[in-house]
Structure formats: C-alpha cells, structure tokens
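Participant: Just data_36.cif, nothing more (mmCIF, C-alpha atoms):
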data_work
loop_
_atom_site.label_atom_id
_atom_site.label_comp_id
_atom_site.auth_asym_id
_atom_site.auth_seq_id
_atom_site.Cartn_x
_atom_site.Cartn_y
_atom_site.Cartn_z
CA MET G 808 -20.58 8.28 19.54
CA SER G 809 -18.62 8.94 16.36
CA SER G 810 -20.10 11.08 13.59
CA LEU G 811 -17.89 9.33 11.03
CA ASN G 812 -19.79 6.69 9.04
CA LEU G 813 -17.29 4.29 7.49
CA ASP G 814 -20.06 2.52 5.57
CA ASP G 815 -20.09 5.47 3.17
CA PHE G 816 -16.81 4.25 1.68
CA THR G 817 -18.56 1.19 0.24
CA ASP G 818 -20.54 3.45 -2.08
CA LEU G 819 -17.81 6.03 -2.67
CA ILE G 820 -15.08 3.61 -3.79
CA GLU G 821 -15.33 2.27 -7.33
CA ARG G 822 -13.11 -0.34 -8.91
CA PRO G 823 -10.50 0.76 -11.45
CA ASP G 824 -12.05 1.01 -14.92
CA GLY G 825 -12.51 -2.53 -16.26
CA GLY G 826 -13.29 -1.32 -19.77
CA VAL G 827 -10.06 0.64 -19.91
CA ARG G 828 -8.17 -2.41 -18.67
CA ARG G 829 -9.61 -4.46 -21.56
CA ASP G 830 -8.53 -1.73 -23.97
CA ALA G 831 -5.05 -1.85 -22.46
CA GLU G 832 -4.96 -5.63 -22.85
CA GLU G 833 -5.99 -5.32 -26.49
CA ARG G 834 -3.35 -2.71 -27.13
CA ARG G 835 -0.76 -4.92 -25.43
CA ALA G 836 -1.75 -7.77 -27.75
CA ARG G 837 -0.90 -5.58 -30.75
CA GLN G 838 2.57 -4.59 -29.54
CA VAL G 839 5.72 -5.99 -31.07
CA VAL G 840 6.70 -7.97 -27.95
CA PRO G 841 4.35 -10.94 -27.38
CA PRO G 842 1.88 -10.58 -24.47
CA GLY G 843 3.10 -12.36 -21.36
CA SER G 844 6.75 -12.09 -22.31
CA LEU G 845 7.24 -9.23 -19.85
CA GLY G 846 5.80 -11.22 -16.96
CA ARG G 847 4.18 -9.17 -14.21
CA LEU G 848 5.14 -5.94 -15.93
CA ASP G 849 2.27 -6.62 -18.36
CA ASP G 850 -0.19 -6.88 -15.49
CA LEU G 851 1.23 -3.79 -13.82
CA GLY G 852 0.89 -1.71 -16.96
CA GLU G 853 -2.70 -2.81 -17.46
CA TRP G 854 -3.55 -2.20 -13.79
CA LEU G 855 -2.07 1.28 -13.96
CA ALA G 856 -3.99 2.06 -17.16
CA SER G 857 -7.26 1.07 -15.48
CA ALA G 858 -6.39 3.15 -12.39
CA GLN G 859 -5.66 6.16 -14.60
CA SER G 860 -8.54 5.47 -17.01
CA ALA G 861 -6.02 6.08 -19.78
CA VAL G 862 -4.78 4.06 -22.78
CA PRO G 863 -1.93 4.32 -23.44
CA VAL G 864 -1.00 4.56 -19.78
CA ARG G 865 0.57 7.82 -18.62
CA PRO G 866 4.05 7.75 -17.06
CA VAL G 867 4.30 7.92 -13.27
CA GLU G 868 5.91 11.35 -12.97
CA ARG G 869 4.82 12.68 -9.57
CA PRO G 870 5.17 9.87 -7.03
CA ARG G 871 5.48 10.69 -3.35
CA VAL G 872 6.43 8.87 -0.16
CA VAL G 873 3.99 9.48 2.69
CA LEU G 874 5.03 8.26 6.16
CA PHE G 875 2.75 8.32 9.20
CA ALA G 876 4.63 8.42 12.49
CA GLY G 877 3.76 7.48 16.06
CA ASP G 878 4.95 5.91 19.28
CA HIS G 879 3.16 2.97 20.89
CA LYS G 880 3.29 2.56 24.65
CA VAL G 881 3.28 -1.22 24.28
CA ALA G 882 6.98 -0.84 23.44
CA GLU G 883 7.56 -0.35 27.18
CA LEU G 884 7.08 -4.14 27.52
CA GLY G 885 10.32 -4.76 25.64
CA VAL G 886 8.67 -5.93 22.43
CA SER G 887 10.94 -3.80 20.24
CA ALA G 888 14.69 -3.55 19.83
CA ARG G 889 14.28 0.22 19.90
CA PRO G 890 13.53 2.14 23.11
CA ALA G 891 9.94 3.10 23.79
CA GLY G 892 9.26 6.61 22.58
CA GLY G 893 12.12 6.49 20.10
CA ALA G 894 10.18 7.11 16.90
CA GLY G 895 10.80 10.86 17.09
CA GLU G 896 14.52 10.28 16.67
CA LEU G 897 13.83 8.10 13.62
CA VAL G 898 11.73 10.88 12.12
CA ARG G 899 14.54 13.38 12.62
CA GLU G 900 16.94 10.99 10.87
CA VAL G 901 14.51 10.64 7.96
CA LEU G 902 14.24 14.41 7.65
CA GLU G 903 18.02 14.82 7.85
CA GLY G 904 18.55 12.27 5.08
CA GLY G 905 20.16 9.50 7.10
CA ARG G 906 17.61 6.68 6.82
CA PRO G 907 17.28 4.11 4.00
CA VAL G 908 14.09 5.74 2.75
CA SER G 909 15.91 9.07 2.56
CA VAL G 910 18.75 7.61 0.50
CA LEU G 911 16.42 5.79 -1.90
CA ALA G 912 14.13 8.79 -2.24
CA ARG G 913 17.09 11.00 -3.17
CA ARG G 914 18.29 8.46 -5.69
CA LEU G 915 14.87 8.19 -7.31
CA GLY G 916 13.99 11.85 -7.03
CA VAL G 917 10.89 11.25 -4.91
CA PRO G 918 9.81 13.72 -2.21
CA VAL G 919 9.15 12.36 1.28
CA ARG G 920 6.34 13.63 3.52
CA VAL G 921 6.26 12.73 7.21
CA VAL G 922 3.04 13.13 9.19
CA ASP G 923 3.33 13.00 12.99
CA MET G 924 0.19 11.49 14.51
CA ALA G 925 1.36 10.40 17.96
CA LEU G 926 5.09 10.82 18.49
CA ASP G 927 6.18 10.87 22.13
CA CYS G 928 8.34 13.96 21.86
CA ASP G 929 8.11 17.70 22.18
CA PRO G 930 6.47 18.99 18.98
CA ASP G 931 8.85 21.96 18.98
CA THR G 932 11.71 19.61 18.10
CA LEU G 933 10.21 18.88 14.67
CA PRO G 934 9.12 21.09 11.75
CA ALA G 935 5.62 22.55 12.00
CA GLU G 936 4.45 20.86 8.79
CA VAL G 937 5.34 17.47 10.33
CA VAL G 938 3.54 17.90 13.67
CA ARG G 939 0.50 19.96 12.69
CA ARG G 940 -1.84 16.95 12.52
CA ARG G 941 -0.72 15.27 15.75
CA VAL G 942 -3.66 13.78 17.68
CA ARG G 943 -1.90 12.96 20.94
CA ARG G 944 1.51 12.28 22.43
CA GLY G 945 2.08 8.53 22.26
CA GLY G 946 -0.62 5.87 22.41
CA GLY G 947 -2.17 3.75 25.14
CA ARG G 948 -0.64 0.38 26.08
CA ILE G 949 -2.91 -1.83 24.02
CA ASP G 950 -2.54 -4.99 26.11
CA VAL G 951 -4.30 -3.30 29.04
CA GLU G 952 -5.87 -0.07 27.71
CA ASP G 953 -7.19 1.52 24.55
CA ALA G 954 -4.69 3.12 22.20
CA LEU G 955 -7.05 6.07 21.62
CA THR G 956 -10.40 7.42 22.63
CA VAL G 957 -13.07 7.14 19.94
CA GLU G 958 -12.86 10.91 19.46
CA GLU G 959 -9.10 10.71 18.95
CA ALA G 960 -9.57 7.83 16.53
CA GLU G 961 -12.02 9.86 14.47
CA ALA G 962 -9.63 12.81 14.44
CA ALA G 963 -6.76 10.58 13.29
CA PHE G 964 -8.89 8.92 10.63
CA ARG G 965 -10.03 12.30 9.29
CA ALA G 966 -6.41 13.51 9.33
CA GLY G 967 -5.43 10.59 7.11
CA MET G 968 -8.30 11.39 4.75
CA ALA G 969 -7.22 15.04 4.61
CA VAL G 970 -3.64 14.07 3.72
CA ALA G 971 -4.96 11.84 0.91
CA ASP G 972 -7.00 14.74 -0.43
CA GLU G 973 -4.01 17.06 -0.25
CA GLU G 974 -1.87 14.63 -2.22
CA ALA G 975 -4.56 14.07 -4.87
CA ASP G 976 -5.20 17.81 -5.19
CA SER G 977 -1.48 18.54 -5.59
CA GLY G 978 -1.17 16.16 -8.53
CA THR G 979 0.53 13.20 -6.85
CA ASP G 980 -0.06 10.29 -9.23
CA LEU G 981 1.15 7.45 -7.00
CA VAL G 982 1.91 7.16 -3.28
CA VAL G 983 4.42 4.93 -1.51
CA LEU G 984 2.91 4.51 1.95
CA GLY G 985 4.96 3.66 5.03
CA ASP G 986 5.26 4.14 8.77
CA VAL G 987 7.84 5.43 11.24
CA SER G 988 7.01 3.91 14.59
CA VAL G 989 8.25 2.05 17.65
CA GLY G 990 5.83 -0.68 18.68
CA GLY G 991 3.85 -0.33 15.47
CA THR G 992 4.43 -3.89 14.30
CA THR G 993 2.91 -5.15 17.58
CA ALA G 994 -0.28 -3.15 16.97
CA ALA G 995 -0.28 -4.36 13.36
CA GLY G 996 0.00 -7.96 14.52
CA VAL G 997 -3.06 -7.54 16.73
CA LEU G 998 -5.12 -6.12 13.85
CA VAL G 999 -4.10 -8.91 11.47
CA ALA G 1000 -4.75 -11.65 14.02
CA ALA G 1001 -8.14 -10.19 14.92
CA LEU G 1002 -9.31 -9.75 11.33
CA CYS G 1003 -7.96 -13.12 10.15
CA GLY G 1004 -9.22 -15.02 13.18
CA THR G 1005 -5.85 -16.48 14.08
CA ASP G 1006 -3.60 -16.76 17.14
CA ALA G 1007 -0.91 -14.35 18.23
CA SER G 1008 1.97 -16.73 17.48
CA VAL G 1009 0.93 -16.93 13.81
CA VAL G 1010 1.39 -13.19 13.21
CA THR G 1011 4.23 -12.28 15.58
CA GLY G 1012 7.40 -11.34 13.73
CA ARG G 1013 10.79 -9.97 14.70
CA GLY G 1014 10.15 -6.35 13.75
CA GLY G 1015 12.21 -3.87 11.76
CA LEU G 1016 15.27 -4.09 14.02
CA ALA G 1017 15.21 -7.81 14.76
CA ILE G 1018 14.44 -8.84 18.34
CA ASP G 1019 15.80 -11.89 20.19
CA ASP G 1020 13.76 -14.89 21.31
CA LEU G 1021 12.87 -13.48 24.73
CA ALA G 1022 11.62 -10.23 23.21
CA TRP G 1023 9.67 -12.26 20.63
CA MET G 1024 7.92 -14.12 23.46
CA ARG G 1025 7.09 -10.84 25.18
CA LYS G 1026 5.74 -9.49 21.89
CA CYS G 1027 3.66 -12.62 21.35
CA ALA G 1028 2.18 -12.28 24.87
CA ALA G 1029 1.39 -8.60 24.29
CA ILE G 1030 -0.39 -9.40 21.02
CA ARG G 1031 -2.28 -12.22 22.73
CA ASP G 1032 -3.49 -9.93 25.52
CA ALA G 1033 -4.41 -7.12 23.13
CA LEU G 1034 -6.20 -9.61 20.91
CA ARG G 1035 -8.57 -10.45 23.76
CA ARG G 1036 -9.46 -6.77 23.91
CA ALA G 1037 -9.84 -6.50 20.13
CA ARG G 1038 -12.24 -9.36 19.48
CA PRO G 1039 -15.32 -7.79 21.14
CA VAL G 1040 -15.10 -4.72 18.84
CA LEU G 1041 -14.43 -6.48 15.53
CA GLY G 1042 -17.73 -5.29 14.10
CA ASP G 1043 -16.76 -1.61 14.41
CA GLN G 1044 -13.56 -0.84 12.52
CA LEU G 1045 -13.08 2.63 13.97
CA ARG G 1046 -13.53 1.24 17.48
CA LEU G 1047 -11.09 -1.55 16.63
CA LEU G 1048 -8.46 1.01 15.60
CA ALA G 1049 -9.11 3.02 18.75
CA THR G 1050 -8.76 -0.08 20.91
CA VAL G 1051 -5.61 -1.66 19.51
CA GLY G 1052 -4.40 0.43 16.57
CA GLY G 1053 -3.09 3.85 17.48
CA ALA G 1054 -3.24 7.25 15.82
CA ASP G 1055 -0.69 6.48 13.09
CA LEU G 1056 -2.37 3.23 12.02
CA THR G 1057 -5.80 4.86 12.17
CA ALA G 1058 -4.62 7.73 9.99
CA MET G 1059 -3.07 5.30 7.50
CA THR G 1060 -6.38 3.46 7.21
CA GLY G 1061 -8.19 6.73 6.53
CA PHE G 1062 -5.51 7.67 4.02
CA LEU G 1063 -5.83 4.37 2.16
CA LEU G 1064 -9.60 4.54 1.90
CA GLN G 1065 -9.70 8.18 0.83
CA SER G 1066 -6.94 7.55 -1.72
CA ALA G 1067 -9.18 4.86 -3.22
CA VAL G 1068 -12.06 7.35 -3.30
CA ARG G 1069 -9.77 9.83 -5.11
CA LYS G 1070 -8.50 7.07 -7.44
CA THR G 1071 -4.89 7.49 -6.33
CA PRO G 1072 -2.85 4.26 -6.57
CA VAL G 1073 -0.90 3.34 -3.44
CA ILE G 1074 2.11 1.05 -2.97
CA LEU G 1075 2.01 -0.69 0.42
CA ASP G 1076 5.33 -1.07 2.22
CA GLY G 1077 5.46 -3.56 5.10
CA VAL G 1078 3.40 -5.25 7.80
CA VAL G 1079 2.04 -2.01 9.30
CA THR G 1080 0.62 -0.73 6.02
CA ALA G 1081 -0.67 -4.23 5.21
CA ALA G 1082 -2.55 -4.35 8.52
CA CYS G 1083 -4.13 -0.95 7.84
CA ALA G 1084 -5.07 -2.10 4.34
CA LEU G 1085 -6.73 -5.16 5.84
CA VAL G 1086 -8.87 -2.91 8.04
CA GLY G 1087 -9.63 -0.85 4.94
CA GLN G 1088 -10.74 -3.96 3.06
CA ARG G 1089 -13.15 -4.78 5.89
CA VAL G 1090 -14.61 -1.27 5.48
CA ALA G 1091 -14.84 -1.27 1.66
CA PHE G 1092 -14.24 -4.49 -0.26
CA ARG G 1093 -13.30 -2.73 -3.54
CA ALA G 1094 -10.53 -0.65 -1.95
CA PRO G 1095 -7.65 -3.16 -2.36
CA ASP G 1096 -8.01 -2.89 -6.15
CA TRP G 1097 -6.21 0.46 -5.80
CA TRP G 1098 -3.24 -0.92 -3.87
CA LEU G 1099 -0.05 -2.78 -4.75
CA ALA G 1100 2.02 -4.84 -2.33
CA ALA G 1101 5.62 -3.75 -2.78
CA HIS G 1102 7.54 -6.61 -1.24
CA ASP G 1103 7.58 -9.61 1.05
CA SER G 1104 9.35 -8.47 4.20
CA GLY G 1105 9.27 -11.91 5.81
CA GLU G 1106 6.94 -10.69 8.58
CA PRO G 1107 4.28 -13.40 9.10
CA GLY G 1108 1.58 -10.83 9.80
CA GLN G 1109 2.22 -9.14 6.48
CA ALA G 1110 2.00 -12.44 4.60
CA LYS G 1111 -1.28 -13.26 6.34
CA ALA G 1112 -2.80 -9.87 5.53
CA LEU G 1113 -1.70 -9.84 1.89
CA ASP G 1114 -3.02 -13.37 1.38
CA ARG G 1115 -6.40 -12.33 2.78
CA MET G 1116 -6.52 -9.40 0.33
CA ALA G 1117 -5.19 -11.51 -2.59
CA LEU G 1118 -2.29 -9.08 -3.09
CA GLU G 1119 0.93 -10.63 -4.38
CA PRO G 1120 4.18 -8.81 -3.47
CA LEU G 1121 6.25 -7.50 -6.37
CA LEU G 1122 9.60 -8.19 -4.70
CA SER G 1123 11.07 -10.51 -2.11
CA GLN G 1124 14.17 -8.90 -0.65
CA GLY G 1125 13.57 -9.43 3.07
CA VAL G 1126 13.57 -5.68 3.77
CA THR G 1127 12.20 -5.18 7.28
CA VAL G 1128 13.35 -1.62 7.99
CA GLY G 1129 9.93 -0.12 7.25
CA GLU G 1130 9.72 3.63 6.56
CA GLY G 1131 8.60 3.00 2.98
CA ALA G 1132 12.04 1.71 1.92
CA GLY G 1133 10.69 -1.54 0.48
CA GLY G 1134 7.92 0.38 -1.23
CA LEU G 1135 10.46 2.63 -2.95
CA LEU G 1136 12.34 -0.41 -4.24
CA ALA G 1137 9.17 -1.43 -6.10
CA LEU G 1138 8.53 2.01 -7.59
CA PRO G 1139 10.97 1.64 -10.54
CA LEU G 1140 9.17 -1.57 -11.53
CA VAL G 1141 5.86 0.27 -11.71
CA GLN G 1142 7.43 3.10 -13.68
CA ALA G 1143 9.09 0.61 -16.03
CA ALA G 1144 5.77 -1.14 -16.60
CA ALA G 1145 4.13 2.18 -17.47
CA SER G 1146 6.90 3.08 -19.93
CA LEU G 1147 6.82 -0.30 -21.66
CA ALA G 1148 3.04 -0.29 -21.95
CA ALA G 1149 3.03 3.22 -23.41
CA GLU G 1150 6.12 3.23 -25.60
CA LEU G 1151 6.47 -0.21 -27.15
CA PRO G 1152 5.34 0.17 -30.78
CA GLU G 1153 2.37 -1.69 -32.16
CA THR G 1154 2.76 -4.04 -35.08
CA SER G 1155 1.91 -2.43 -38.42
CA ASP G 1156 -0.07 -4.06 -41.22
CA LYS G 1157 3.09 -4.70 -43.22
CA ASP G 1158 4.40 -6.73 -40.29
CA GLU G 1159 1.40 -9.04 -40.46
CA PRO G 1160 1.71 -12.21 -42.57
CA GLU G 1161 0.02 -11.74 -45.94
CA ASP G 1162 -2.90 -14.03 -46.75
CA GLU G 1163 -1.73 -14.82 -50.28
CA GLY G 1164 -1.23 -18.54 -49.92
CA GLU G 1165 -4.72 -19.51 -51.09
CA ASP G 1166 -4.58 -17.29 -54.19
CA GLU G 1167 -1.19 -18.67 -55.11
CA GLY G 1168 -2.49 -22.16 -54.58
CA GLU G 1169 -5.48 -21.45 -56.79
CA ASP G 1170 -3.24 -20.09 -59.56
CA GLU G 1171 -1.05 -23.17 -59.40
CA THR G 1172 -4.12 -25.38 -59.57
CA LYS G 1173 -5.41 -23.49 -62.59
CA GLY G 1174 -2.02 -23.86 -64.17
CA ASP G 1175 -2.13 -27.62 -63.62
CA ARG G 1176 -5.54 -27.85 -65.23
CA THR G 1177 -4.35 -25.88 -68.27
CA ASP G 1178 -1.37 -28.14 -68.67
CA ALA G 1179 -3.63 -31.13 -68.45
#
Please express the file's structure as structure tokens.

Facilitator:
Amino acid sequence: MSSLNLDDFTDLIERPDGGVRRDAEERRARQVVPPGSLGRLDDLGEWLASAQSAVPVRPVERPRVVLFAGDHKVAELGVSARPAGGAGELVREVLEGGRPVSVLARRLGVPVRVVDMALDCDPDTLPAEVVRRRVRRGGGRIDVEDALTVEEAEAAFRAGMAVADEEADSGTDLVVLGDVSVGGTTAAGVLVAALCGTDASVVTGRGGLAIDDLAWMRKCAAIRDALRRARPVLGDQLRLLATVGGADLTAMTGFLLQSAVRKTPVILDGVVTAACALVGQRVAFRAPDWWLAAHDSGEPGQAKALDRMALEPLLSQGVTVGEGAGGLLALPLVQAAASLAAELPETSDKDEPEDEGEDEGEDETKGDRTDA
C-alpha cells in the first residue's frame, strides 16, 4: 500500500493568477501595437505574466532542459527501430553533445539535465549525477507484466517531485521537459488510450525513429495487450503508472505535478510528455494551466492527449526525435513573447486623439449665430 496520496495535489495546485492576467491584458491594450496583432504571442505573454504573478512580465532568463531516461522491456517485441536497452547509448550521445537537443541547447545557451530512472546499462558508465535517482534497471514488459512494483512507482514519482523542487529552488524559471527512452512511446500510447477510452490503433504512431508497417502492427498489438491490463487500474493513477508506465514516465508525472505546485511553467515536448501530462491532469485538473505544448509531432497519441487537455501546440514541424528537441524549438517564441509584452512602450496621452471637436463645433455655431 502506497503512502503517497496523489489527491493532495488537487488542493496544492492553484491556477496561474487570473487577476494578474487581466492586468497584463489591460497593459497590452495600452501598448503601441494593437492587441491581437501579434497573434499567439499576445496570449503567451499574458499566460507567462499570470504564471509569474508579474506585470510587466519578467524575461525568461534561466530556462533548463530536463530529460528523464529509461528503457522499456516492451521494446524486445520489435516495436521500436532502436534495439531494446539502447537508451543508455542515447543518453551518452546527449551528454557528449551529439544529439539534436544538445545542438539546440548549445545554440540557445540552455543547460541540459538528464535523470536516469531505469536505463538498462551499468550505472558506472554514466556520470553519478545522472544515475543517482535510478529506481531499477529497465522496466517490465507491459503487455504481460507490470512495469514497476507499487513501491518502485512511488520512489520514481517522489524522485520526479524532488527534481522539480531542485529546479525551482535553483531559480529555474521555465523547464523544457523531454524523455530519452527506447519503448517509451509504446508505454505512452497505452496511457493515452486508457485515459481517453480509445483503441490501440487510434494512438499508435511510428515513434522517434520511424518504424515500418510490420513493426507498427507489433506495436499496436503490444499497446492493445497492455491496454487490457491498464483498464482495471484506471481509478488509481499511481497504480496505472506502475502497471503500464515505467519509472521514467512515472517520474515525469511527479515532476509535472510538483512543478505546478511550485508554480514553475513547463514546456511539453512530444507524445511521452503529453501522456504523462494527461495522467497529471487526471490527478489535479488545474495542473495543465502551468504547461505549454511545444509542437505537433504528428504522433496520434500526442494529438489525442493534447486535445483532451485543451492544449494547442505552438509549432507544427513534424519533429519526432524526442529528447526535448521540439520543446527547445518553441522556447524562443516564449522568450520573444515575454520581451514584447514587457518592452513595447505604452501609448502616451499626447498620442491619444484630442477631444476638441465638440468645442470647435460649438465655437463655429456661436460664430454663425453672431453673424446672423
């Protein structure tokens, strides 16, 4: 029996400050560029102001990429184009600077933090700060067995919460959240299908490294079988994550919810983060107000999850690589929105049209009467 009560998040998570958002909207109405002419950048600036409880909005100066990593045994079924247990190699490439997220992070000057939750590799092959929160080596094959024990799920969830607290305490003002996994999109598909009440075929995508038709059919069958195991535990979100999620997805869910408690805005990357966010919404309905959807990756499970949470992606570039790369592409938009909201000047009184027409009209009328 878990000692972690997820119901507490319902009371702990507040919505971003609505009064501050109205103040931001009023300030935007006074700026020299007409409201609405900047499109979604207006909404982004106002959302960020409400999240910060600050008008004018503060610039996003200390963003951070946080990646949760894990291997999923379901990959042994051939549902991924990458070999089962291969996520550790991806993590090493991220750390060495050779992955898309590494390149983008360097270009944007954003630090990247990788948190190993269940990589199937020797922990000595990775830096200590990466592996120190690992819950287990790999995860159970979710079509026939649980991904985690309930105790492991609680440990992973608490690890995600602890990482969120560490980021908030260190001054991180916005997080780009992503995953580094093999088999993770299969687990994500199960969560989305279970929570949206839909069939496996509706949520099964091609993954980060696109799979062929035969692999897609194997993936669809694995999601279908895991979905049968997920439905009986839908009422218990921690048990659901233990059954079909995995340590990395469980930690991401804990991270998202605790970030909302700490009022830290989060940019969601792809289908894996969207699935975790959907679980988080089921736990605390106000939580999605703290999250932004970075992009539309084309994964059907992501589209289903974002639609359920009423989150509209900022970009549509078809980026499926994961690892927070799509999330980083959206970061400059958020930073631009903050700068525009804060730095565009307001109209001054001398810029306003003078109300002299009536007086002039009255003088002319008096003049006409005199002449008469």

Participant: Show me, as a Markdown table, the residues of range 1071-1175 of chain G having an atom within 9 Å of range 848-859 of chain G, each with the closest atom pair and its distance in Å, using all atoms listed in the file.

Facilitator:
| residue | atom | partner | partner_atom | distance |
| --- | --- | --- | --- | --- |
| G:Thr1071 | CA | G:Ala858 | CA | 7.6 |
| G:Pro1072 | CA | G:Ala858 | CA | 6.9 |
| G:Asp1096 | CA | G:Ala858 | CA | 8.8 |
| G:Trp1097 | CA | G:Ala858 | CA | 7.1 |
| G:Leu1140 | CA | G:Leu848 | CA | 7.4 |
| G:Val1141 | CA | G:Leu851 | CA | 6.5 |
| G:Gln1142 | CA | G:Gly852 | CA | 8.8 |
| G:Ala1143 | CA | G:Leu848 | CA | 7.6 |
| G:Ala1144 | CA | G:Leu848 | CA | 4.9 |
| G:Ala1145 | CA | G:Gly852 | CA | 5.1 |
| G:Ser1146 | CA | G:Gly852 | CA | 8.2 |
| G:Leu1147 | CA | G:Gly852 | CA | 7.7 |
| G:Ala1148 | CA | G:Gly852 | CA | 5.6 |
| G:Ala1149 | CA | G:Gly852 | CA | 8.4 |

Participant: With C-alpha atoms retained, write the just-selected residues as an mmCIF file, in the coordinates of the input.

Facilitator:
data_model
loop_
_atom_site.group_PDB
_atom_site.id
_atom_site.type_symbol
_atom_site.label_atom_id
_atom_site.label_comp_id
_atom_site.auth_asym_id
_atom_site.auth_seq_id
_atom_site.Cartn_x
_atom_site.Cartn_y
_atom_site.Cartn_z
ATOM 1 C CA THR G 1071 -4.890 7.490 -6.330
ATOM 2 C CA PRO G 1072 -2.850 4.260 -6.570
ATOM 3 C CA ASP G 1096 -8.010 -2.890 -6.150
ATOM 4 C CA TRP G 1097 -6.210 0.460 -5.800
ATOM 5 C CA LEU G 1140 9.170 -1.570 -11.530
ATOM 6 C CA VAL G 1141 5.860 0.270 -11.710
ATOM 7 C CA GLN G 1142 7.430 3.100 -13.680
ATOM 8 C CA ALA G 1143 9.090 0.610 -16.030
ATOM 9 C CA ALA G 1144 5.770 -1.140 -16.600
ATOM 10 C CA ALA G 1145 4.130 2.180 -17.470
ATOM 11 C CA SER G 1146 6.900 3.080 -19.930
ATOM 12 C CA LEU G 1147 6.820 -0.300 -21.660
ATOM 13 C CA ALA G 1148 3.040 -0.290 -21.950
ATOM 14 C CA ALA G 1149 3.030 3.220 -23.410
#

Participant: Which residues would end up in the selection if the PyMOL selection byres ((chain G and resi 971-980) around 12) were applied here, given that I need the answer as a PyMOL selection string?

Facilitator: chain G and resi 855+858-859+865-875+917-920+922+964-970+981-984+1058-1074+1141-1142

Participant: Once the PyMOL selection byres ((chain G and resi 812) around 12) has been applied to the shown file, what residues remain in the selection, as a list in words?

Facilitator: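 Against this file, the PyMOL selection byres ((chain G and resi 812) around 12) returns the residues Met808, Ser809, Ser810, Leu811, Leu813, Asp814, Asp815, Phe816, Thr817, Asp818, Leu819, Glu961, Phe964, Arg965, Asp1043, Gln1044, Leu1045, Arg1046, Gly1061, Val1090 and Ala1091 of chain G.
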
Participant: Need to verify the contact set: range 934-939 of chain G, 9 Å, all atoms listed in the file, exclusion of same-chain residues closer than 6 positions in sequence. Can you return it as a list in words?

Facilitator: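 Selected residues are Arg920, Val921, Val922, Asp923, Met924, Ala925 and Leu926 of chain G.
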
Participant: Under the rule that only C-alpha atoms are counted, which of G:Ala1033, G:Pro907, G:Thr1080, G:Leu1118 is the nearest residue to Asp1006 in chain G?

Facilitator: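 Once distances to Asp1006 in chain G are computed over only C-alpha atoms, the minimum belongs to G:Ala1033.
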
Participant: List the residues selected by the PyMOL selection byres ((chain G and resi 950-958) around 9) in the file shown, writing them as a PyMOL selection string.

Facilitator: chain G and resi 808-809+879-881+943+945-949+959-963+1028-1036+1045-1046+1048-1054

Participant: From the set G:Leu1113, G:Met1024, G:Val989, G:Ala1007, which residue has the shortest atom-to-atom contact distance to Pro890 in chain G, counting all atoms listed in the file?

Facilitator: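 Residue with the minimum atom-to-atom distance to Pro890 in chain G: G:Val989.
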
Participant: Taking 4 positions as the minimum chain separation for residues in the same chain, which residues sit within 10 Å of range 833-840 of chain G when counting only C-alpha atoms? Answer as a list in words.

Facilitator: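 So the residues in contact are Val827, Arg828, Arg829, Ser844, Leu845, Asp849, Gly852, Glu853, Val862, Pro863, Leu1147, Ala1148, Ala1149, Glu1150, Leu1151, Pro1152, Glu1153, Thr1154, Ser1155 and Asp1158 of chain G.
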
Participant: Contacts of Ile1018 in chain G at 8 Å or less, counting all atoms listed in the file, minus same-chain residues fewer than 4 places along, as a PDB file with C-alpha atoms, keeping the file's coordinate frame?

Facilitator:
ATOM      1  CA  VAL G 886       8.670  -5.930  22.430  1.00  0.00           C
ATOM      2  CA  SER G 887      10.940  -3.800  20.240  1.00  0.00           C
ATOM      3  CA  ALA G 888      14.690  -3.550  19.830  1.00  0.00           C
ATOM      4  CA  ARG G1013      10.790  -9.970  14.700  1.00  0.00           C
ATOM      5  CA  GLY G1014      10.150  -6.350  13.750  1.00  0.00           C
ATOM      6  CA  ALA G1022      11.620 -10.230  23.210  1.00  0.00           C
ATOM      7  CA  TRP G1023       9.670 -12.260  20.630  1.00  0.00           C
TER       8      TRP G1023
END

Participant: Between CA of Ala1110 in chain G and CA of Gly1131 in chain G, what distance in Å does the model show, to one decimal?

Facilitator: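 CA of Ala1110 in chain G sits 16.9 Å away from CA of Gly1131 in chain G.
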